[in-house]
$ cat work-v5.pdb   # PDB, C-alpha atoms
MODEL        1
ATOM      1  CA  MET A   1      34.027 231.170 130.705
ATOM      2  CA  THR A   2      30.536 230.299 129.622
ATOM      3  CA  GLU A   3      27.805 232.059 131.590
ATOM      4  CA  ARG A   4      24.162 231.269 131.960
ATOM      5  CA  ALA A   5      21.550 233.779 130.995
ATOM      6  CA  ASN A   6      21.366 234.996 134.573
ATOM      7  CA  GLY A   7      25.141 235.821 134.560
ATOM      8  CA  ARG A   8      26.267 232.948 136.895
ATOM      9  CA  PRO A   9      29.359 230.843 135.833
ATOM     10  CA  ASP A  10      28.818 227.337 134.593
ATOM     11  CA  ALA A  11      28.998 225.349 137.828
ATOM     12  CA  ARG A  12      29.932 222.071 136.145
ATOM     13  CA  ARG A  13      32.935 223.484 134.288
ATOM     14  CA  ALA A  14      34.113 225.296 137.400
ATOM     15  CA  GLN A  15      33.963 222.035 139.328
ATOM     16  CA  VAL A  16      36.000 220.204 136.621
ATOM     17  CA  ARG A  17      38.687 222.859 136.699
ATOM     18  CA  ARG A  18      38.801 222.714 140.507
ATOM     19  CA  HIS A  19      39.217 218.936 140.480
ATOM     20  CA  ARG A  20      41.947 219.247 137.829
ATOM     21  CA  ARG A  21      43.887 221.713 139.972
ATOM     22  CA  GLU A  22      43.528 219.443 142.983
ATOM     23  CA  ARG A  23      44.879 216.470 141.029
ATOM     24  CA  GLN A  24      47.824 218.533 139.780
ATOM     25  CA  ILE A  25      48.619 219.639 143.312
ATOM     26  CA  ILE A  26      48.516 216.040 144.541
ATOM     27  CA  VAL A  27      50.680 214.712 141.657
ATOM     28  CA  PHE A  28      53.315 217.420 141.988
ATOM     29  CA  GLY A  29      53.298 217.014 145.759
ATOM     30  CA  VAL A  30      53.953 213.282 145.487
ATOM     31  CA  LEU A  31      56.758 213.898 142.963
ATOM     32  CA  VAL A  32      58.432 216.451 145.220
ATOM     33  CA  ILE A  33      58.244 214.086 148.192
ATOM     34  CA  ALA A  34      59.631 211.183 146.118
ATOM     35  CA  LEU A  35      62.520 213.305 144.835
ATOM     36  CA  ALA A  36      63.337 214.502 148.332
ATOM     37  CA  PHE A  37      63.321 210.934 149.659
ATOM     38  CA  SER A  38      65.540 209.754 146.785
ATOM     39  CA  ALA A  39      68.024 212.551 147.450
ATOM     40  CA  LEU A  40      68.168 211.718 151.172
ATOM     41  CA  PHE A  41      68.615 207.995 150.441
ATOM     42  CA  ALA A  42      71.374 208.645 147.879
ATOM     43  CA  ALA A  43      73.210 210.879 150.342
ATOM     44  CA  ALA A  44      72.981 208.191 153.038
ATOM     45  CA  VAL A  45      74.386 205.538 150.645
ATOM     46  CA  TYR A  46      77.200 207.877 149.592
ATOM     47  CA  LYS A  47      78.180 208.502 153.209
ATOM     48  CA  GLY A  48      77.935 204.804 154.038
ATOM     49  CA  ASP A  49      75.127 205.193 156.564
ATOM     50  CA  VAL A  50      72.991 202.631 154.712
ATOM     51  CA  GLU A  51      73.722 199.888 152.174
ATOM     52  CA  GLY A  52      72.823 200.475 148.565
ATOM     53  CA  PRO A  53      70.349 198.320 146.619
ATOM     54  CA  PHE A  54      73.122 196.703 144.525
ATOM     55  CA  SER A  55      75.012 193.673 145.815
ATOM     56  CA  GLN A  56      77.856 193.979 143.255
ATOM     57  CA  ALA A  57      80.478 196.690 143.645
ATOM     58  CA  PHE A  58      80.686 199.357 140.959
ATOM     59  CA  VAL A  59      84.508 199.256 140.993
ATOM     60  CA  THR A  60      86.665 196.192 140.478
ATOM     61  CA  PRO A  61      88.562 195.532 143.737
ATOM     62  CA  ALA A  62      92.269 196.351 143.732
ATOM     63  CA  GLY A  63      94.332 193.248 143.102
ATOM     64  CA  SER A  64      91.833 191.686 140.696
ATOM     65  CA  TYR A  65      92.279 194.431 138.111
ATOM     66  CA  ASP A  66      94.355 192.293 135.754
ATOM     67  CA  ALA A  67      95.847 189.143 137.211
ATOM     68  CA  SER A  68      97.887 188.495 134.051
ATOM     69  CA  VAL A  69     100.060 191.600 134.558
ATOM     70  CA  THR A  70     102.949 190.902 136.926
ATOM     71  CA  LEU A  71     105.385 193.621 135.860
ATOM     72  CA  VAL A  72     105.752 196.449 138.365
ATOM     73  CA  CYS A  73     106.049 199.948 136.920
ATOM     74  CA  PRO A  74     108.951 202.179 137.901
ATOM     75  CA  PRO A  75     108.018 205.168 140.063
ATOM     76  CA  HIS A  76     106.215 207.748 137.946
ATOM     77  CA  GLY A  77     108.570 210.248 136.359
ATOM     78  CA  SER A  78     111.646 208.734 138.035
ATOM     79  CA  THR A  79     115.141 208.858 136.577
ATOM     80  CA  PRO A  80     118.031 206.417 137.197
ATOM     81  CA  MET A  81     119.744 206.383 140.566
ATOM     82  CA  LYS A  82     123.453 206.956 140.947
ATOM     83  CA  ALA A  83     125.214 203.593 140.709
ATOM     84  CA  LYS A  84     126.921 204.042 144.065
ATOM     85  CA  ASN A  85     123.477 204.041 145.706
ATOM     86  CA  VAL A  86     122.445 200.687 144.206
ATOM     87  CA  ALA A  87     123.434 197.337 145.734
ATOM     88  CA  VAL A  88     123.333 194.093 143.741
ATOM     89  CA  ARG A  89     124.032 190.403 144.187
ATOM     90  CA  VAL A  90     125.170 188.641 141.000
ATOM     91  CA  LEU A  91     124.050 185.023 140.563
ATOM     92  CA  ASN A  92     125.205 182.606 137.882
ATOM     93  CA  GLY A  93     122.315 180.598 136.462
ATOM     94  CA  THR A  94     124.509 178.814 133.887
ATOM     95  CA  ASP A  95     127.241 176.195 133.659
ATOM     96  CA  THR A  96     129.774 178.839 132.591
ATOM     97  CA  ASN A  97     132.369 179.117 135.337
ATOM     98  CA  GLY A  98     133.280 182.593 136.525
ATOM     99  CA  LEU A  99     130.401 184.354 134.754
ATOM    100  CA  ALA A 100     129.036 185.972 137.912
ATOM    101  CA  GLY A 101     132.501 187.220 138.887
ATOM    102  CA  THR A 102     133.061 188.781 135.467
ATOM    103  CA  VAL A 103     129.754 190.626 135.473
ATOM    104  CA  ALA A 104     130.235 191.658 139.094
ATOM    105  CA  GLY A 105     133.586 193.192 138.153
ATOM    106  CA  ASP A 106     131.990 195.092 135.274
ATOM    107  CA  LEU A 107     129.270 196.456 137.552
ATOM    108  CA  LYS A 108     131.850 197.430 140.178
ATOM    109  CA  ASN A 109     133.695 199.399 137.518
ATOM    110  CA  ARG A 110     130.450 201.322 137.015
ATOM    111  CA  ASN A 111     130.340 202.071 140.758
ATOM    112  CA  TYR A 112     127.544 199.649 141.671
ATOM    113  CA  LYS A 113     127.797 198.159 145.148
ATOM    114  CA  VAL A 114     128.251 194.393 144.616
ATOM    115  CA  VAL A 115     127.577 192.672 147.942
ATOM    116  CA  SER A 116     128.293 189.096 146.765
ATOM    117  CA  THR A 117     128.451 186.619 143.879
ATOM    118  CA  ALA A 118     127.274 183.015 143.830
ATOM    119  CA  ASN A 119     125.798 180.228 141.753
ATOM    120  CA  TRP A 120     122.029 180.463 141.541
ATOM    121  CA  GLY A 121     121.480 176.825 142.430
ATOM    122  CA  ARG A 122     119.449 176.166 139.293
ATOM    123  CA  THR A 123     119.738 177.031 135.625
ATOM    124  CA  TYR A 124     118.145 179.958 133.837
ATOM    125  CA  ASP A 125     117.598 179.693 130.088
ATOM    126  CA  GLY A 126     116.859 183.363 129.513
ATOM    127  CA  PHE A 127     119.123 186.410 129.219
ATOM    128  CA  VAL A 128     119.032 188.240 132.563
ATOM    129  CA  ARG A 129     116.459 188.179 135.337
ATOM    130  CA  LEU A 130     116.304 190.745 138.123
ATOM    131  CA  TYR A 131     114.654 190.102 141.490
ATOM    132  CA  PHE A 132     113.702 193.017 143.721
ATOM    133  CA  GLY A 133     111.259 194.115 146.406
ATOM    134  CA  THR A 134     109.152 197.174 147.106
ATOM    135  CA  ASP A 135     112.153 199.224 148.251
ATOM    136  CA  GLY A 136     114.236 198.263 145.213
ATOM    137  CA  ILE A 137     111.995 199.065 142.248
ATOM    138  CA  ARG A 138     113.866 202.146 141.106
ATOM    139  CA  GLN A 139     117.179 200.393 141.776
ATOM    140  CA  ALA A 140     116.179 197.397 139.637
ATOM    141  CA  TYR A 141     115.164 199.575 136.689
ATOM    142  CA  THR A 142     118.463 201.428 137.033
ATOM    143  CA  VAL A 143     120.409 198.149 136.840
ATOM    144  CA  ALA A 144     118.324 196.787 133.958
ATOM    145  CA  ARG A 145     119.404 199.597 131.622
ATOM    146  CA  ASN A 146     122.968 198.269 131.663
ATOM    147  CA  PHE A 147     122.144 194.981 129.950
ATOM    148  CA  ASP A 148     121.823 194.886 126.178
ATOM    149  CA  GLY A 149     119.107 192.255 125.899
ATOM    150  CA  ASP A 150     115.809 190.973 127.292
ATOM    151  CA  VAL A 151     115.774 191.633 131.026
ATOM    152  CA  VAL A 152     112.934 190.012 132.993
ATOM    153  CA  MET A 153     111.839 192.021 136.026
ATOM    154  CA  THR A 154     110.531 189.908 138.910
ATOM    155  CA  TYR A 155     108.901 191.530 141.927
ATOM    156  CA  ASP A 156     109.082 189.550 145.182
ATOM    157  CA  ASN A 157     108.328 190.125 148.846
ATOM    158  CA  ARG A 158     111.893 190.625 150.053
ATOM    159  CA  GLU A 159     112.760 193.406 152.455
ATOM    160  CA  GLY A 160     115.327 196.045 151.609
ATOM    161  CA  SER A 161     116.622 197.472 148.357
ATOM    162  CA  LEU A 162     119.026 194.720 147.246
ATOM    163  CA  VAL A 163     118.653 193.659 143.602
ATOM    164  CA  ASP A 164     119.494 190.103 142.564
ATOM    165  CA  VAL A 165     120.985 189.798 139.056
ATOM    166  CA  VAL A 166     120.530 186.278 137.651
ATOM    167  CA  LEU A 167     122.576 185.565 134.531
ATOM    168  CA  GLY A 168     121.109 183.092 132.053
ATOM    169  CA  SER A 169     122.385 180.902 129.242
ATOM    170  CA  LYS A 170     121.495 183.477 126.577
ATOM    171  CA  TYR A 171     123.748 185.966 128.334
ATOM    172  CA  ALA A 172     126.544 183.372 128.530
ATOM    173  CA  ASP A 173     126.189 182.721 124.794
ATOM    174  CA  GLY A 174     127.252 186.222 123.885
ATOM    175  CA  GLY A 175     125.510 188.779 126.029
ATOM    176  CA  GLY A 176     127.091 191.815 127.559
ATOM    177  CA  LEU A 177     126.654 195.192 129.129
ATOM    178  CA  ARG A 178     125.871 198.268 127.105
ATOM    179  CA  SER A 179     128.590 200.795 126.539
ATOM    180  CA  THR A 180     128.638 203.491 129.197
ATOM    181  CA  LEU A 181     128.168 205.950 126.319
ATOM    182  CA  ALA A 182     124.963 204.274 125.093
ATOM    183  CA  PRO A 183     121.928 206.610 124.925
ATOM    184  CA  GLU A 184     119.952 204.145 127.089
ATOM    185  CA  LEU A 185     122.271 205.050 129.976
ATOM    186  CA  ASP A 186     121.541 208.763 129.853
ATOM    187  CA  MET A 187     120.962 209.779 133.480
ATOM    188  CA  ASP A 188     118.253 212.237 132.445
ATOM    189  CA  LEU A 189     116.247 209.570 130.620
ATOM    190  CA  GLN A 190     113.147 208.595 132.612
ATOM    191  CA  LEU A 191     112.854 204.971 133.659
ATOM    192  CA  SER A 192     110.236 202.995 131.779
ATOM    193  CA  ALA A 193     108.903 199.448 131.507
ATOM    194  CA  ASN A 194     109.233 197.450 128.302
ATOM    195  CA  ALA A 195     105.731 195.954 128.629
ATOM    196  CA  GLU A 196     102.374 196.605 130.277
ATOM    197  CA  CYS A 197     102.882 197.223 133.982
ATOM    198  CA  LEU A 198     100.996 198.103 137.137
ATOM    199  CA  PRO A 199     101.858 199.921 140.379
ATOM    200  CA  ALA A 200     103.361 197.658 143.031
ATOM    201  CA  THR A 201     100.178 197.937 145.111
ATOM    202  CA  LEU A 202      98.268 196.096 142.362
ATOM    203  CA  VAL A 203     100.799 193.292 141.809
ATOM    204  CA  THR A 204     101.081 190.208 144.014
ATOM    205  CA  PRO A 205     104.784 189.657 144.803
ATOM    206  CA  GLU A 206     106.446 186.292 144.418
ATOM    207  CA  PRO A 207     107.997 184.639 147.484
ATOM    208  CA  GLY A 208     111.430 186.113 148.116
ATOM    209  CA  PRO A 209     114.614 184.414 149.336
ATOM    210  CA  ARG A 210     114.623 183.206 152.925
ATOM    211  CA  THR A 211     117.929 184.932 153.552
ATOM    212  CA  LEU A 212     119.717 187.778 151.827
ATOM    213  CA  PRO A 213     123.267 189.046 152.173
ATOM    214  CA  GLU A 214     123.727 192.147 154.241
ATOM    215  CA  ASN A 215     123.184 195.322 152.260
ATOM    216  CA  PRO A 216     125.295 198.162 153.696
ATOM    217  CA  LEU A 217     123.249 200.734 151.750
ATOM    218  CA  ASP A 218     120.096 199.860 153.694
ATOM    219  CA  LYS A 219     121.901 200.530 156.979
ATOM    220  CA  LYS A 220     122.542 204.119 155.915
ATOM    221  CA  LYS A 221     118.828 204.889 155.671
TER     222      LYS A 221
ENDMDL
END
$ encode --input "work-v5.pdb" --output "C-alpha cells"
Amino acid sequence: MTERANGRPDARRAQVRRHRRERQIIVFGVLVIALAFSALFAAAVYKGDVEGPFSQAFVTPAGSYDASVTLVCPPHGSTPMKAKNVAVRVLNGTDTNGLAGTVAGDLKNRNYKVVSTANWGRTYDGFVRLYFGTDGIRQAYTVARNFDGDVVMTYDNREGSLVDVVLGSKYADGGGLRSTLAPELDMDLQLSANAECLPATLVTPEPGPRTLPENPLDKKK
C-alpha cells in the first residue's frame, strides 16, 4: 500500500478496492440467488408441480417407438411350456383336403390340446401362421418350435390362451413337423424370436376372431 509522506493510506486506491469488493459481493450474490432459483424450478418441474419450458417430450411415447415392428417378443428368459398345457386350433388355409386333420393328429401325439380343426375360409400362401393373444404368447412360441419352416407370429386382441395354427400352401407342398429329437425342441432351450421384436405393451394387436372355440385349459385357471 502506497502511503503519503504523512503516513496516511492513499485514499483513492482504498476507495477503488472498496468498490471492487462491493461489486464482487453483488455479482456473487446474484449468482447464488440465480442458482438457488434454478434449483427450485428444476425440482418443481421434476415433481410435476409446474410445466417445463419445452413443449416437446424428451422421451418418445410408448406405442410410437417403432411402428414397423409388429412381432411380439416371448417373455424374457422363458422356456417352452409342457405341450399338455397348450391348446391349439388347426386351420387349413389351402385346397389340400384333410391337411388340418393330419397336423392336428400329429400335435395330439405330442400331447398338445387340439380343441378343433376347420378350413380357414381363405387361402394362405405362406408356410405356417400362428395367431395368439396376450395370454398366449409363450404358448405360441412353444408351438412354433415344432414346425420346420418359416412361421409367422401374429399378435391379435383375442382373449384367452388359445393359439390358432393356420397351414399355408408352402406347408402343403412338403412341409412338416420337426422330429421330437430335434435340438430346437429341447425343453431347456429359451424361447426366442427370429426377427426384431418388442414387448406386447409396445405392439398394437390386430383384430381377433369374433368367436373362438371353448378352451378347456383357460377354465382351469
$ closest_atom_pairs --input "work-v5.pdb" --of "segment 66-144 of chain A" --to "segment 162-175 of chain A" --cutoff "12 Å" --atoms "only C-alpha atoms" --output "JSON lines"
{"residue": "A:Asn85", "atom": "CA", "partner": "A:Leu162", "partner_atom": "CA", "distance": 10.4}
{"residue": "A:Val86", "atom": "CA", "partner": "A:Leu162", "partner_atom": "CA", "distance": 7.5}
{"residue": "A:Ala87", "atom": "CA", "partner": "A:Leu162", "partner_atom": "CA", "distance": 5.3}
{"residue": "A:Val88", "atom": "CA", "partner": "A:Val163", "partner_atom": "CA", "distance": 4.7}
{"residue": "A:Arg89", "atom": "CA", "partner": "A:Asp164", "partner_atom": "CA", "distance": 4.8}
{"residue": "A:Val90", "atom": "CA", "partner": "A:Val165", "partner_atom": "CA", "distance": 4.8}
{"residue": "A:Leu91", "atom": "CA", "partner": "A:Val166", "partner_atom": "CA", "distance": 4.7}
{"residue": "A:Asn92", "atom": "CA", "partner": "A:Leu167", "partner_atom": "CA", "distance": 5.2}
{"residue": "A:Gly93", "atom": "CA", "partner": "A:Gly168", "partner_atom": "CA", "distance": 5.2}
{"residue": "A:Thr94", "atom": "CA", "partner": "A:Ser169", "partner_atom": "CA", "distance": 5.5}
{"residue": "A:Asp95", "atom": "CA", "partner": "A:Ser169", "partner_atom": "CA", "distance": 8.1}
{"residue": "A:Thr96", "atom": "CA", "partner": "A:Ala172", "partner_atom": "CA", "distance": 6.9}
{"residue": "A:Asn97", "atom": "CA", "partner": "A:Ala172", "partner_atom": "CA", "distance": 9.9}
{"residue": "A:Gly98", "atom": "CA", "partner": "A:Ala172", "partner_atom": "CA", "distance": 10.5}
{"residue": "A:Leu99", "atom": "CA", "partner": "A:Ala172", "partner_atom": "CA", "distance": 7.4}
{"residue": "A:Ala100", "atom": "CA", "partner": "A:Leu167", "partner_atom": "CA", "distance": 7.3}
{"residue": "A:Gly101", "atom": "CA", "partner": "A:Leu167", "partner_atom": "CA", "distance": 11.0}
{"residue": "A:Thr102", "atom": "CA", "partner": "A:Ala172", "partner_atom": "CA", "distance": 10.9}
{"residue": "A:Val103", "atom": "CA", "partner": "A:Leu167", "partner_atom": "CA", "distance": 8.8}
{"residue": "A:Ala104", "atom": "CA", "partner": "A:Val165", "partner_atom": "CA", "distance": 9.4}
{"residue": "A:Leu107", "atom": "CA", "partner": "A:Val165", "partner_atom": "CA", "distance": 10.7}
{"residue": "A:Tyr112", "atom": "CA", "partner": "A:Val163", "partner_atom": "CA", "distance": 10.9}
{"residue": "A:Lys113", "atom": "CA", "partner": "A:Leu162", "partner_atom": "CA", "distance": 9.7}
{"residue": "A:Val114", "atom": "CA", "partner": "A:Leu162", "partner_atom": "CA", "distance": 9.6}
{"residue": "A:Val115", "atom": "CA", "partner": "A:Leu162", "partner_atom": "CA", "distance": 8.8}
{"residue": "A:Ser116", "atom": "CA", "partner": "A:Asp164", "partner_atom": "CA", "distance": 9.8}
{"residue": "A:Thr117", "atom": "CA", "partner": "A:Val165", "partner_atom": "CA", "distance": 9.4}
{"residue": "A:Ala118", "atom": "CA", "partner": "A:Val166", "partner_atom": "CA", "distance": 9.7}
{"residue": "A:Asn119", "atom": "CA", "partner": "A:Val166", "partner_atom": "CA", "distance": 9.0}
{"residue": "A:Trp120", "atom": "CA", "partner": "A:Val166", "partner_atom": "CA", "distance": 7.2}
{"residue": "A:Gly121", "atom": "CA", "partner": "A:Val166", "partner_atom": "CA", "distance": 10.6}
{"residue": "A:Arg122", "atom": "CA", "partner": "A:Gly168", "partner_atom": "CA", "distance": 10.2}
{"residue": "A:Thr123", "atom": "CA", "partner": "A:Gly168", "partner_atom": "CA", "distance": 7.2}
{"residue": "A:Tyr124", "atom": "CA", "partner": "A:Gly168", "partner_atom": "CA", "distance": 4.7}
{"residue": "A:Asp125", "atom": "CA", "partner": "A:Ser169", "partner_atom": "CA", "distance": 5.0}
{"residue": "A:Gly126", "atom": "CA", "partner": "A:Gly168", "partner_atom": "CA", "distance": 5.0}
{"residue": "A:Phe127", "atom": "CA", "partner": "A:Lys170", "partner_atom": "CA", "distance": 4.6}
{"residue": "A:Val128", "atom": "CA", "partner": "A:Leu167", "partner_atom": "CA", "distance": 4.9}
{"residue": "A:Arg129", "atom": "CA", "partner": "A:Val166", "partner_atom": "CA", "distance": 5.1}
{"residue": "A:Leu130", "atom": "CA", "partner": "A:Val165", "partner_atom": "CA", "distance": 4.9}
{"residue": "A:Tyr131", "atom": "CA", "partner": "A:Asp164", "partner_atom": "CA", "distance": 5.0}
{"residue": "A:Phe132", "atom": "CA", "partner": "A:Val163", "partner_atom": "CA", "distance": 5.0}
{"residue": "A:Gly133", "atom": "CA", "partner": "A:Leu162", "partner_atom": "CA", "distance": 7.8}
{"residue": "A:Thr134", "atom": "CA", "partner": "A:Leu162", "partner_atom": "CA", "distance": 10.2}
{"residue": "A:Asp135", "atom": "CA", "partner": "A:Leu162", "partner_atom": "CA", "distance": 8.3}
{"residue": "A:Gly136", "atom": "CA", "partner": "A:Leu162", "partner_atom": "CA", "distance": 6.3}
{"residue": "A:Ile137", "atom": "CA", "partner": "A:Val163", "partner_atom": "CA", "distance": 8.7}
{"residue": "A:Arg138", "atom": "CA", "partner": "A:Val163", "partner_atom": "CA", "distance": 10.1}
{"residue": "A:Gln139", "atom": "CA", "partner": "A:Val163", "partner_atom": "CA", "distance": 7.1}
{"residue": "A:Ala140", "atom": "CA", "partner": "A:Val163", "partner_atom": "CA", "distance": 6.0}
{"residue": "A:Tyr141", "atom": "CA", "partner": "A:Val163", "partner_atom": "CA", "distance": 9.7}
{"residue": "A:Thr142", "atom": "CA", "partner": "A:Val163", "partner_atom": "CA", "distance": 10.2}
{"residue": "A:Val143", "atom": "CA", "partner": "A:Val163", "partner_atom": "CA", "distance": 8.3}
{"residue": "A:Ala144", "atom": "CA", "partner": "A:Val165", "partner_atom": "CA", "distance": 9.1}
$ residues_around --input "work-v5.pdb" --residues "Arg110 of chain A" --least-positions-apart "3" --cutoff "9 Å" --atoms "only C-alpha atoms" --output "JSON, numbers by chain"
{"A": [83, 84, 105, 106, 107, 180]}
$ closest_residue --input "work-v5.pdb" --among "A:Gly160, A:Val27, A:Val69, A:Arg18" --to "Thr211 of chain A" --atoms "all atoms listed in the file"
A:Gly160
$ resolve_selection --input "work-v5.pdb" --expression "the PyMOL selection byres ((chain A and resi 192) around 12)" --output "list in words"
Leu71, Val72, Cys73, Pro74, Pro75, His76, Gly77, Ser78, Thr79, Pro80, Ile137, Arg138, Ala140, Tyr141, Thr142, Ala144, Arg145, Met153, Glu184, Leu189, Gln190, Leu191, Ala193, Asn194, Ala195, Glu196, Cys197 and Leu198 of chain A
$ atom_distance --input "work-v5.pdb" --atom1 "atom CA of Thr70 of chain A" --atom2 "atom CA of Phe147 of chain A"
20.8 Å
$ residues_around --input "work-v5.pdb" --residues "Pro209 of chain A" --least-positions-apart "3" --cutoff "10 Å" --atoms "all atoms listed in the file" --output "ChimeraX atom specification"
/A:131,156-159,206,212
